[in-house]
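Chemist: This one is query11.txt, compact mmCIF, C-alpha atoms.
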```
# COMPACT_ATOMS: atom_id res chain seq x y z
CA MET A 239 11.93 112.80 110.42
CA ALA A 240 10.95 112.55 114.02
CA THR A 241 10.09 108.94 113.46
CA ALA A 242 13.45 108.11 111.90
CA GLU A 243 15.64 105.92 114.04
CA HIS A 244 19.00 107.48 114.76
CA LYS A 245 21.73 104.89 114.89
CA HIS A 246 25.06 105.89 116.35
CA PRO A 247 28.38 104.12 116.01
CA ASN A 248 30.62 103.50 119.00
CA TYR A 249 31.98 107.03 119.32
CA MET A 250 34.32 106.28 122.20
CA ALA A 251 36.11 103.64 120.12
CA ILE A 252 36.66 106.24 117.38
CA PHE A 253 37.90 108.68 120.02
CA TRP A 254 40.52 106.18 121.23
CA TYR A 255 41.60 105.43 117.66
CA LEU A 256 42.08 109.18 117.05
CA ALA A 257 43.95 109.67 120.33
CA ILE A 258 46.25 106.71 119.65
CA LEU A 259 46.91 107.86 116.06
CA THR A 260 47.84 111.33 117.39
CA VAL A 261 50.35 109.77 119.80
CA VAL A 262 51.74 107.64 116.96
CA GLU A 263 52.09 110.80 114.80
CA ILE A 264 54.18 112.51 117.46
CA ALA A 265 56.22 109.34 118.01
CA VAL A 266 56.92 109.10 114.26
CA ILE A 267 58.76 112.43 114.05
CA TYR A 268 61.25 111.25 116.70
CA MET A 269 61.84 107.89 115.00
CA PRO A 270 65.24 107.28 113.40
CA LEU A 271 63.78 107.17 109.89
CA GLY A 272 64.46 109.00 106.66
CA LYS A 273 62.75 112.35 106.10
CA PHE A 274 60.78 110.96 103.17
CA THR A 275 59.57 107.92 105.15
CA ILE A 276 58.47 110.15 108.02
CA GLY A 277 56.62 112.41 105.56
CA VAL A 278 54.79 109.49 103.97
CA LEU A 279 53.91 108.02 107.38
CA LEU A 280 52.60 111.37 108.65
CA CYS A 281 50.47 111.91 105.53
CA ALA A 282 49.04 108.40 105.83
CA LEU A 283 48.25 108.88 109.53
CA ALA A 284 46.61 112.27 108.89
CA LEU A 285 44.50 110.83 106.08
CA GLY A 286 43.52 107.91 108.32
CA LYS A 287 42.41 110.28 111.08
CA ALA A 288 40.52 112.50 108.65
CA THR A 289 38.76 109.45 107.23
CA LEU A 290 37.72 108.31 110.72
CA VAL A 291 36.28 111.75 111.50
CA ALA A 292 34.42 112.00 108.17
CA MET A 293 33.10 108.43 108.17
CA TYR A 294 31.95 108.14 111.78
CA PHE A 295 31.65 111.60 113.37
CA MET A 296 30.22 113.13 110.21
CA HIS A 297 28.20 109.95 109.54
CA LEU A 298 29.39 109.70 105.94
CA LYS A 299 29.44 105.93 106.26
CA PHE A 300 25.71 105.87 106.92
CA GLU A 301 24.65 108.60 104.49
CA ALA A 302 23.31 108.55 100.95
CA ARG A 303 25.90 108.48 98.17
CA THR A 304 25.04 112.04 97.11
CA LEU A 305 26.69 113.44 100.23
CA GLY A 306 29.70 111.19 99.77
CA MET A 307 30.15 112.53 96.25
CA VAL A 308 29.96 116.12 97.48
CA ALA A 309 32.53 115.25 100.16
CA ILE A 310 34.93 113.59 97.73
CA THR A 311 34.93 116.53 95.28
CA PRO A 312 37.49 118.68 97.18
CA LEU A 313 39.78 115.64 97.40
CA LEU A 314 39.72 115.31 93.61
CA ILE A 315 40.37 119.04 93.21
CA ALA A 316 43.23 118.84 95.72
CA THR A 317 44.77 115.97 93.77
CA LEU A 318 44.52 118.01 90.57
CA LEU A 319 46.06 120.96 92.41
CA ILE A 320 49.15 118.90 93.22
CA PHE A 321 49.73 118.15 89.54
CA VAL A 322 49.03 121.75 88.58
CA LEU A 323 51.62 123.00 91.06
CA LEU A 324 54.31 120.36 90.39
CA PRO A 325 55.91 122.04 87.34
CA ASP A 326 55.89 125.37 89.17
CA GLY A 327 57.62 123.87 92.18
CA PHE A 328 60.24 122.10 90.08
CA ALA A 329 60.97 125.22 88.04
CA VAL A 330 61.70 127.31 91.12
CA ALA A 331 63.51 124.44 92.83
CA LYS A 332 65.91 124.25 89.87
CA ARG A 333 66.69 127.94 90.22
CA THR A 334 67.15 127.83 93.99
CA VAL A 335 69.05 124.55 94.19
CA GLY A 336 72.37 126.37 94.00
CA VAL A 337 71.32 128.81 96.69
CA LYS A 338 70.06 125.96 98.85
CA ALA A 339 73.39 124.15 98.73
CA ALA A 340 75.27 127.34 99.49
CA THR A 341 73.14 128.20 102.52
CA THR A 342 72.88 124.74 104.05
CA GLU A 343 76.51 123.65 103.68
CA PRO A 344 78.14 126.07 106.10
CA ALA A 345 75.49 125.26 108.68
CA LYS A 346 76.30 121.57 108.59
CA HIS A 347 80.08 121.82 108.87
CA MET B 46 8.19 120.55 89.86
CA SER B 47 7.31 118.26 92.73
CA GLN B 48 10.39 119.48 94.57
CA ALA B 49 9.33 123.07 94.14
CA ALA B 50 5.89 122.15 95.42
CA ALA B 51 7.46 120.55 98.49
CA VAL B 52 9.52 123.63 99.23
CA HIS B 53 6.69 126.08 98.76
CA GLY B 54 4.06 123.83 100.28
CA ALA B 55 1.04 125.09 102.20
CA HIS B 56 2.94 124.83 105.49
CA GLY B 57 6.05 126.48 104.13
CA VAL B 58 8.13 123.67 105.63
CA VAL B 59 10.78 121.73 103.73
CA GLU B 60 10.19 118.05 104.18
CA PRO B 61 13.54 116.35 103.60
CA ALA B 62 12.25 112.87 102.88
CA GLU B 63 10.06 113.97 99.98
CA SER B 64 12.67 114.39 97.29
CA PRO B 65 13.90 111.21 95.62
CA LEU B 66 17.18 112.99 94.77
CA THR B 67 18.13 113.87 98.31
CA PRO B 68 16.76 111.58 100.97
CA GLU B 69 18.86 113.51 103.46
CA SER B 70 17.76 116.95 104.48
CA TRP B 71 18.39 119.91 102.24
CA GLY B 72 20.17 121.57 105.09
CA LYS B 73 22.65 118.74 105.39
CA LEU B 74 23.30 118.81 101.66
CA GLY B 75 23.76 122.57 101.85
CA MET B 76 26.25 122.27 104.68
CA TRP B 77 28.20 119.57 102.82
CA ILE B 78 28.41 121.76 99.72
CA PHE B 79 29.62 124.67 101.86
CA LEU B 80 32.18 122.42 103.56
CA ALA B 81 33.40 121.11 100.20
CA GLY B 82 34.03 124.70 99.12
CA ASP B 83 35.69 125.52 102.41
CA ALA B 84 37.86 122.42 102.09
CA VAL B 85 39.08 123.70 98.72
CA GLY B 86 39.94 126.98 100.44
CA PHE B 87 42.02 125.22 103.08
CA GLY B 88 43.44 122.88 100.46
CA THR B 89 44.62 125.84 98.41
CA LEU B 90 46.24 127.43 101.47
CA LEU B 91 48.06 124.21 102.35
CA ALA B 92 49.10 123.64 98.74
CA GLY B 93 50.45 127.18 98.61
CA TYR B 94 52.32 126.46 101.84
CA GLY B 95 53.75 123.30 100.28
CA VAL B 96 55.01 125.12 97.18
CA MET B 97 56.54 127.98 99.17
CA ARG B 98 58.28 125.53 101.46
CA ALA B 99 59.50 123.22 98.69
CA THR B 100 60.97 126.13 96.76
CA SER B 101 62.53 127.91 99.72
CA ALA B 102 66.21 127.61 100.45
CA ASP B 103 66.04 128.35 104.18
CA TRP B 104 62.71 127.11 105.49
CA PRO B 105 62.95 126.57 109.26
CA SER B 106 62.15 123.17 110.76
CA PRO B 107 58.59 123.74 112.01
CA TYR B 108 58.47 121.40 114.99
CA GLU B 109 61.75 122.73 116.33
CA VAL B 110 60.70 126.38 116.00
CA LEU B 111 57.01 126.11 116.91
CA GLY B 112 57.13 123.39 119.53
CA ILE B 113 54.47 120.71 119.37
CA ASN B 114 53.65 119.99 123.03
CA LEU B 115 50.97 122.66 123.29
CA THR B 116 49.66 121.96 119.78
CA ALA B 117 49.42 118.25 120.53
CA LEU B 118 47.30 119.17 123.55
CA MET B 119 45.17 121.44 121.34
CA THR B 120 44.72 118.59 118.84
CA PHE B 121 43.60 116.30 121.64
CA LEU B 122 41.22 118.99 122.93
CA LEU B 123 39.61 119.38 119.52
CA ILE B 124 39.16 115.60 119.21
CA CYS B 125 37.51 115.62 122.66
CA SER B 126 35.18 118.43 121.59
CA SER B 127 34.21 116.38 118.54
CA VAL B 128 33.29 113.53 120.88
CA THR B 129 31.14 115.79 123.08
CA MET B 130 29.46 117.02 119.86
CA VAL B 131 28.45 113.51 118.78
CA LYS B 132 27.39 112.77 122.36
CA ALA B 133 25.10 115.82 122.27
CA LEU B 134 23.50 114.50 119.09
CA GLU B 135 23.21 111.00 120.54
CA TRP B 136 21.42 112.26 123.67
CA LEU B 137 19.15 114.46 121.60
CA GLY B 138 18.23 111.41 119.53
CA LYS B 139 17.34 109.62 122.76
CA GLY B 140 15.14 112.55 123.76
CA ASP B 141 17.30 113.81 126.64
CA LYS B 142 17.37 117.56 126.05
CA THR B 143 19.24 118.48 129.24
CA ARG B 144 22.16 116.15 128.54
CA ALA B 145 22.23 117.25 124.90
CA LYS B 146 22.43 120.89 125.98
CA ASN B 147 25.21 120.09 128.46
CA TYR B 148 27.28 118.33 125.83
CA LEU B 149 26.72 121.17 123.35
CA PHE B 150 27.98 123.54 126.01
CA TYR B 151 31.08 121.37 126.62
CA THR B 152 31.75 121.42 122.88
CA ALA B 153 31.56 125.22 122.74
CA LEU B 154 33.77 125.35 125.85
CA GLY B 155 36.32 123.08 124.17
CA GLY B 156 36.39 125.40 121.17
CA THR B 157 36.81 128.44 123.41
CA ILE B 158 39.76 126.85 125.24
CA PHE B 159 41.27 125.90 121.86
CA VAL B 160 41.13 129.49 120.58
CA SER B 161 42.48 130.77 123.91
CA LEU B 162 45.43 128.36 123.73
CA GLN B 163 46.04 129.46 120.15
CA ALA B 164 46.07 133.10 121.25
CA TYR B 165 48.56 132.15 123.99
CA GLU B 166 50.71 130.26 121.44
CA TRP B 167 50.62 133.18 118.98
CA SER B 168 51.60 135.77 121.57
CA HIS B 169 54.40 133.48 122.76
CA LEU B 170 55.72 133.02 119.20
CA ILE B 171 55.39 136.72 118.37
CA HIS B 172 57.36 137.46 121.53
CA ARG B 173 60.11 135.10 120.32
CA GLY B 174 60.27 137.00 117.01
CA LEU B 175 57.93 135.14 114.66
CA HIS B 176 56.23 137.88 112.68
CA ILE B 177 54.03 137.89 109.61
CA ASN B 178 56.80 139.58 107.62
CA GLY B 179 59.87 137.90 109.04
CA ASN B 180 61.45 135.73 111.71
CA PRO B 181 64.91 134.97 113.12
CA TRP B 182 65.04 131.38 111.80
CA GLY B 183 64.88 131.73 108.02
CA ALA B 184 62.39 132.30 105.20
CA SER B 185 60.05 135.17 106.05
CA LEU B 186 57.19 133.34 104.30
CA PHE B 187 57.34 130.82 107.15
CA GLY B 188 55.70 133.34 109.48
CA THR B 189 53.33 134.60 106.80
CA SER B 190 51.98 131.16 106.01
CA PHE B 191 51.90 130.10 109.66
CA PHE B 192 49.73 133.03 110.75
CA LEU B 193 47.58 132.88 107.64
CA VAL B 194 46.71 129.18 107.87
CA THR B 195 46.38 128.85 111.66
CA GLY B 196 44.54 132.18 111.73
CA PHE B 197 42.08 131.06 109.07
CA HIS B 198 41.48 127.90 111.07
CA GLY B 199 41.17 129.82 114.35
CA LEU B 200 38.58 132.03 112.69
CA HIS B 201 36.63 128.89 111.80
CA VAL B 202 36.78 127.69 115.41
CA THR B 203 35.61 131.08 116.67
CA ALA B 204 32.72 131.08 114.20
CA GLY B 205 32.00 127.48 115.25
CA VAL B 206 31.73 128.44 118.92
CA LEU B 207 29.23 131.21 118.05
CA TYR B 208 27.34 128.77 115.81
CA LEU B 209 27.20 126.17 118.61
CA LEU B 210 25.93 128.72 121.13
CA ALA B 211 23.20 129.76 118.67
CA ILE B 212 22.25 126.10 118.21
CA LEU B 213 22.25 125.64 121.98
CA ARG B 214 19.61 128.38 122.13
CA VAL B 215 17.59 126.64 119.40
CA VAL B 216 17.63 123.37 121.36
CA ALA B 217 16.63 125.15 124.55
CA LYS B 218 13.76 127.00 122.86
CA ARG B 219 12.17 124.14 120.93
CA PRO B 220 10.00 122.00 123.18
CA SER B 221 10.55 118.72 121.34
CA PRO B 222 14.12 117.33 121.16
CA ALA B 223 13.34 115.78 117.77
CA ALA B 224 12.57 119.23 116.34
CA SER B 225 16.17 120.40 116.78
CA TYR B 226 17.90 117.11 115.88
CA ASN B 227 18.52 118.15 112.28
CA ALA B 228 19.93 121.56 113.25
CA VAL B 229 22.32 119.96 115.76
CA GLU B 230 23.45 117.35 113.25
CA ILE B 231 24.23 120.06 110.66
CA ALA B 232 26.12 122.12 113.25
CA GLY B 233 27.99 118.93 114.12
CA LEU B 234 29.08 118.54 110.50
CA TYR B 235 30.67 121.98 110.61
CA TRP B 236 32.35 121.30 113.95
CA HIS B 237 33.82 117.95 112.86
CA PHE B 238 35.04 119.58 109.67
CA VAL B 239 36.95 122.15 111.72
CA ASP B 240 38.46 119.23 113.68
CA LEU B 241 39.32 117.45 110.42
CA VAL B 242 41.03 120.55 109.02
CA TRP B 243 43.06 120.91 112.21
CA ILE B 244 44.28 117.31 111.81
CA MET B 245 45.63 118.37 108.41
CA VAL B 246 47.04 121.69 109.62
CA PHE B 247 48.71 120.02 112.61
CA THR B 248 50.32 117.44 110.33
CA PHE B 249 51.46 119.74 107.53
CA MET B 250 52.42 122.87 109.47
CA TYR B 251 53.75 121.46 112.74
CA LEU B 252 54.88 117.85 112.32
CA LEU B 253 56.18 117.62 108.75
```
Translate the structure of the given file into structure tokens.
Modeler:
Amino acid sequence: MATAEHKHPNYMAIFWYLAILTVVEIAVIYMPLGKFTIGVLLCALALGKATLVAMYFMHLKFEARTLGMVAITPLLIATLLIFVLLPDGFAVAKRTVGVKAATTEPAKH
Amino acid sequence: MSQAAAVHGAHGVVEPAESPLTPESWGKLGMWIFLAGDAVGFGTLLAGYGVMRATSADWPSPYEVLGINLTALMTFLLICSSVTMVKALEWLGKGDKTRAKNYLFYTALGGTIFVSLQAYEWSHLIHRGLHINGNPWGASLFGTSFFLVTGFHGLHVTAGVLYLLAILRVVAKRPSPAASYNAVEIAGLYWHFVDLVWIMVFTFMYLL
């Protein structure tokens, strides 16, 4: 272990990427775009930042595949979770859609 | 059997390179498994937040209510502390114990400032009427989920600061820098994970 050579990526470059992506994230919410587009952009930016942190700061890029598989497991579970929760969300949304319209309309006019 | 022999060897030391299954250290694997479980915990909280928000008729607009200037600064601070963490590891790898200790200290300091800013933010929001059981802007679950998720994350940062200080002591005590490299790398994994989770929390609870 002591003899192993420790190679390090260019951490400062990753830092600047993360800083720039954070600025872009904040810029995105003030952009004249649709709510859905902004949401998709923000999710993509967050995933990009998370990937940078995991790959370079947490050295996942340079590790054995075993660790990568452990790391990817929660992502798979999270994806499953979305599908598990979708019907629940839709069911309640259907019930509240009338209420939603009633409460948001007076505020807009 | 050979793995068991390695673990319970004559020296009682786990030699990470001996197992063909896990060339990385057992400690690293253990931390990754813990982090995977923790990630599911945070994932569940955020998914719950998503469902509550999607099904609520009067969910307030988070970035208008919470304000994102301070949180953007906190995000930046956490990214900086991740950089000082990797720098500590880098210097330790080069055999410079003093620099490694300094950078570990900066990392713990960054975490402390983060938690302090969060405490300031919380007290400010509570003063404006955001409570765990209600708020002036709409759905009461907004406050519940906000305090639950940011609080759970803040708890992780607090634990991380204590963890880093303990590791700082380990580095200081062990004469050879190489002897504490593994411990610092594992602590780094935890710290970067906390940073990674904040990236998600910042996006889903403040920006979206």
Chemist: Would you kindly return, as a ChimeraX atom specification, each protein, DNA or RNA residue with an atom no farther than 12 Å from any atom of B:Ala204, considering only C-alpha atoms and excluding same-chain residues fewer than 3 positions away?
Modeler: /B:153,156-157,160,197-201,207-211,232,235-236,239
Chemist: Would you mind listing, for every residue of chain B within 8 Å of chain A, the two atoms forming the shortest contact and the distance between them in Å to one decimal, using only C-alpha atoms, sorted by chain and ascending residue number, as JSON lines?
Modeler:
```
{"residue": "B:Pro61", "atom": "CA", "partner": "A:Met239", "partner_atom": "CA", "distance": 7.9}
{"residue": "B:Ala62", "atom": "CA", "partner": "A:Met239", "partner_atom": "CA", "distance": 7.5}
{"residue": "B:Thr67", "atom": "CA", "partner": "A:Thr304", "partner_atom": "CA", "distance": 7.2}
{"residue": "B:Pro68", "atom": "CA", "partner": "A:Ala302", "partner_atom": "CA", "distance": 7.2}
{"residue": "B:Glu69", "atom": "CA", "partner": "A:Ala302", "partner_atom": "CA", "distance": 7.1}
{"residue": "B:Leu74", "atom": "CA", "partner": "A:Leu305", "partner_atom": "CA", "distance": 6.5}
{"residue": "B:Trp77", "atom": "CA", "partner": "A:Val308", "partner_atom": "CA", "distance": 6.6}
{"residue": "B:Ile78", "atom": "CA", "partner": "A:Val308", "partner_atom": "CA", "distance": 6.3}
{"residue": "B:Leu80", "atom": "CA", "partner": "A:Ala309", "partner_atom": "CA", "distance": 7.9}
{"residue": "B:Ala81", "atom": "CA", "partner": "A:Pro312", "partner_atom": "CA", "distance": 5.6}
{"residue": "B:Gly82", "atom": "CA", "partner": "A:Pro312", "partner_atom": "CA", "distance": 7.2}
{"residue": "B:Ala84", "atom": "CA", "partner": "A:Pro312", "partner_atom": "CA", "distance": 6.2}
{"residue": "B:Val85", "atom": "CA", "partner": "A:Pro312", "partner_atom": "CA", "distance": 5.5}
{"residue": "B:Gly88", "atom": "CA", "partner": "A:Ala316", "partner_atom": "CA", "distance": 6.2}
{"residue": "B:Thr89", "atom": "CA", "partner": "A:Ala316", "partner_atom": "CA", "distance": 7.6}
{"residue": "B:Ala92", "atom": "CA", "partner": "A:Ile320", "partner_atom": "CA", "distance": 7.3}
{"residue": "B:Val96", "atom": "CA", "partner": "A:Gly327", "partner_atom": "CA", "distance": 5.8}
{"residue": "B:Ala99", "atom": "CA", "partner": "A:Gly327", "partner_atom": "CA", "distance": 6.8}
{"residue": "B:Thr100", "atom": "CA", "partner": "A:Ala331", "partner_atom": "CA", "distance": 5.0}
{"residue": "B:Ser101", "atom": "CA", "partner": "A:Thr334", "partner_atom": "CA", "distance": 7.4}
{"residue": "B:Ala102", "atom": "CA", "partner": "A:Lys338", "partner_atom": "CA", "distance": 4.5}
{"residue": "B:Asp103", "atom": "CA", "partner": "A:Lys338", "partner_atom": "CA", "distance": 7.1}
{"residue": "B:Ala117", "atom": "CA", "partner": "A:Thr260", "partner_atom": "CA", "distance": 7.8}
{"residue": "B:Phe121", "atom": "CA", "partner": "A:Ala257", "partner_atom": "CA", "distance": 6.8}
{"residue": "B:Ile124", "atom": "CA", "partner": "A:Phe253", "partner_atom": "CA", "distance": 7.1}
{"residue": "B:Cys125", "atom": "CA", "partner": "A:Phe253", "partner_atom": "CA", "distance": 7.4}
{"residue": "B:Ser127", "atom": "CA", "partner": "A:Phe295", "partner_atom": "CA", "distance": 7.5}
{"residue": "B:Val128", "atom": "CA", "partner": "A:Phe253", "partner_atom": "CA", "distance": 6.7}
{"residue": "B:Val131", "atom": "CA", "partner": "A:Phe295", "partner_atom": "CA", "distance": 6.6}
{"residue": "B:Lys132", "atom": "CA", "partner": "A:Tyr249", "partner_atom": "CA", "distance": 8.0}
{"residue": "B:Glu135", "atom": "CA", "partner": "A:His246", "partner_atom": "CA", "distance": 6.9}
{"residue": "B:Gly138", "atom": "CA", "partner": "A:His244", "partner_atom": "CA", "distance": 6.2}
{"residue": "B:Ala223", "atom": "CA", "partner": "A:Ala240", "partner_atom": "CA", "distance": 5.5}
{"residue": "B:Ala224", "atom": "CA", "partner": "A:Ala240", "partner_atom": "CA", "distance": 7.3}
{"residue": "B:Gly233", "atom": "CA", "partner": "A:Met296", "partner_atom": "CA", "distance": 7.3}
{"residue": "B:Leu234", "atom": "CA", "partner": "A:Met296", "partner_atom": "CA", "distance": 5.5}
{"residue": "B:His237", "atom": "CA", "partner": "A:Met296", "partner_atom": "CA", "distance": 6.6}
{"residue": "B:Phe238", "atom": "CA", "partner": "A:Ala292", "partner_atom": "CA", "distance": 7.8}
{"residue": "B:Leu241", "atom": "CA", "partner": "A:Ala288", "partner_atom": "CA", "distance": 5.4}
{"residue": "B:Ile244", "atom": "CA", "partner": "A:Ala284", "partner_atom": "CA", "distance": 6.3}
{"residue": "B:Met245", "atom": "CA", "partner": "A:Ala284", "partner_atom": "CA", "distance": 6.2}
{"residue": "B:Thr248", "atom": "CA", "partner": "A:Ala284", "partner_atom": "CA", "distance": 6.5}
{"residue": "B:Leu252", "atom": "CA", "partner": "A:Ile267", "partner_atom": "CA", "distance": 6.9}
{"residue": "B:Leu253", "atom": "CA", "partner": "A:Gly277", "partner_atom": "CA", "distance": 6.1}
```
Chemist: Closest to B:Gly183 among B:Ser70, B:Gln163, B:Ser106, B:Thr195, using only C-alpha atoms?
Modeler: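 Closest to B:Gly183, using only C-alpha atoms: B:Ser106.
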Chemist: As a PyMOL selection string, please: the residues near stretch 168-175 of chain B (cut-off 10 Å, all atoms listed in the file, same-chain neighbours under 3 positions excluded).
Modeler: chain B and resi 110-112+162-165+178-182+185+187-189+191-192
Chemist: Keeping C-alpha atoms, export the residues of the selection given above as a short mmCIF file (atom, residue, chain, number, x, y, z; two decimals), in the coordinates of the input.
Modeler:
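This is the output file out-v4.cif:
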```
data_model
loop_
_atom_site.label_atom_id
_atom_site.label_comp_id
_atom_site.auth_asym_id
_atom_site.auth_seq_id
_atom_site.Cartn_x
_atom_site.Cartn_y
_atom_site.Cartn_z
CA VAL B 110 60.70 126.38 116.00
CA LEU B 111 57.01 126.11 116.91
CA GLY B 112 57.13 123.39 119.53
CA LEU B 162 45.43 128.36 123.73
CA GLN B 163 46.04 129.46 120.15
CA ALA B 164 46.07 133.10 121.25
CA TYR B 165 48.56 132.15 123.99
CA ASN B 178 56.80 139.58 107.62
CA GLY B 179 59.87 137.90 109.04
CA ASN B 180 61.45 135.73 111.71
CA PRO B 181 64.91 134.97 113.12
CA TRP B 182 65.04 131.38 111.80
CA SER B 185 60.05 135.17 106.05
CA PHE B 187 57.34 130.82 107.15
CA GLY B 188 55.70 133.34 109.48
CA THR B 189 53.33 134.60 106.80
CA PHE B 191 51.90 130.10 109.66
CA PHE B 192 49.73 133.03 110.75
#
```
Chemist: How many Å lie between atom CA of B:Ala184 and atom CA of B:Pro105, rounded to one decimal?
Modeler: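 Between these atoms lies a distance of 7.0 Å.
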Chemist: To one decimal in Å, tell me the separation between atom CA of B:Lys139 and atom CA of A:Phe300.
Modeler: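 Distance reported for this atom pair: 18.3 Å.
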